[in-house]
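Worksheet: one structure, shown below.
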Amino acid sequence: MRFSQIRLSESSIARLEATSKPTCDLNPVCCKVIPCCMKGLINYSSQPALLCAIEPSVWSTVVKYSKYRPIPLSIENFLHHGEEATPRVSYNFLRREIPTRLAGLLLEFSFLPPLLQKQTAFQAVRDEHLETFQDLLAFPNNASDADLESFSEALTNTRIRHSDTVQKTAKAVMEMKFEMIDQKLEVDQGIETAVQYFLDRLYMTKISLSMLTNQHLYVHGGNIAKPRHVGQIDPHCDVVAEIRRAYNEAARLCDQHYGTHPEINLVSSNRAEASDVPILFAYVSSHLHHMFFEVFKNSMRATVERSKEGNMAKLEVRVSKTDTDITIKISDSGGGIPRSQMNNLFKYMYTTAGRVGKAHADAVKSSSIPPMAGLGYGLPLSRLYARYFQGDLDISSVHGVGTDCFIYLRSMQQKAPEQIPVFSKSTSKTYREKTIAWQEDWTGQER
């Protein structure tokens with residue numbers, strides 16, 4: 001036999017062996033490849049995934065849509081769509097865009113620790129996202145008038161279905177941590193960082209999902225929008241008025257808990273138009289309210305608890321608008337935050353009153369009025385709301401004196417596109433890297 005024939009035979013055998021191997025469908029629940037590449041992504045995921053298996057035909061569609069890239073919309077896009085687009089245009093866009101935004105996230109649920117995957121609330125959140133994914137893809141490409149009406153009903157159900165995503169996920173994460181404590185397992189930095197990364201992506205997806213569904217329902221679906229609004233967006237949102245509204249609501253809550261609240265000193269400066277012109281811009285007022293209320297609540301609690309009777313410092317608020325940004329600075333004299341705790345401020349399960357424990361969680365659940373210090377989700381979610389349209393939220397502190405919170409917003413609507421998660425080949429690598437427990441490479445380091 002010739003040497004070339006031997007080589008041809010060997011190559012044919014190699015191809016035969018390759019084709020006989022099971023293909024990877026990116027589903028660690030039912031993967032037959034040993035060792036599973038997905039199970040090896042993170043150092044604590046060598047165990048089988050605990051989430052319920054998804055039907056193969058459905059899962060293949062999830063994988064297919066995870067390869068599409070979501071289309072971020074700017075505030076300008078939302079306004080134009082609300083004023084010019086038809087229900088059919090919105091239908092055609094959302095029918096594909098919402099499943100695209102959900103698909104990558106559905107893959108990421110399997111990247112998390114088994115102790116989190118086993119929690120009933122966590123599995124429910126995954127299943128709810130899968131249900132929305134399937135519901136919207138069930139609609140035809142060429143919609144009839146009846147399909148358009150049914151689509152609005154489906155979006156209404158979607159809004160209801162995901163209304164308690166934050167609460168359910170918070171419960172799952174708390175139960176995971178409490179279970180680890182009971183089993184005397186260490187909640188290491190790697191696990192905490194990976195879960196933090198996932199929660200940021202989950203909640204930002206929720207914010208974007210709410211924005212898309214609400215815009216359609218308010219503009220095309222029969223929901224009644226507020227006067228002068230385009231869907232959820234106020235084209236002339238008054239920043240100072242929103243600050244005062246959030247302050248008044250936080251003050252009422254503070255009075256319920258402490259019987260008093262700090263006064264406010266507010267100064268605004270419009271450097272984009274003229275100093276005496278109100279600071280207006282196109283924005284989602286409910287997002288502003290969430291950010292302002294959470295910061296005021298934290299500042300009031302710290303100020304009241306530190307103050308002596310009859311000697312309570314005011315909250316100082318400064319608002320500035322330029323051609324590119326709007327900056328809001330909220331300062332208190334509540335004693336500040338130790339430098340060692342600054343890295344914890346935007347961690348879920350950590351409040352400005354300290355780390356969340358079982359006793360605090362139970363007290364929050366049983367309270368008849370909203371708490372001043374909740375379950376540690378206020379500041380992380382507020383930062384996500386700020387970042388959603390390319391803004392940010394940051395905090396600096398002088399320990400022993402007080403805290404300054406800076407909220408940055410884009411003042412130009414065309415420069416404010418959504419910031420939403422994108423699933424890619426590097427996403428799994430990111431989870432793997434984040435789960436590696438941090439090792440000191442200098443003496444005297446703290447983290």
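FYI, nothing fancy with the structure tokens labels: chains A, B, ... in order, residues from 1 per chain, ligands from 1 as they appear.
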Can you tell me which residues surround Ala274 in chain A at a distance of at most 10 Å, considering only C-alpha atoms, apart from same-chain residues fewer than 5 positions away, and format the answer as a list of chain:residue names? A:Ser269, A:Ile279, A:Lys321
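Residues within 7 Å of Ala194 in chain A, counting only C-alpha atoms and excluding same-chain residues fewer than 3 positions away, are Gly190, Ile191, Tyr197, Phe198, Tyr431, Lys434 and Thr435 of chain A.
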Selection near range 337-347 of chain A, 6 Å with only C-alpha atoms, sequence-local residues under 2 positions removed, as a PyMOL selection string: chain A and resi 350+379-380+397+399
Can you tell me which residues surround range 245-252 of chain A at a distance of at most 6 Å, considering only C-alpha atoms, apart from same-chain residues fewer than 4 positions away, and format the answer as a list in words? His261, His289, Phe292, Phe293 and Lys297 of chain A
Taking the chain letters and numbering used in this document, name the residues of range 35-168 of chain A that DSSP puts in alpha helix (DSSP H), as number ranges by chain. A: 56-66, 75-84, 87-108, 114-117, 120-137, 145-161, 165-168
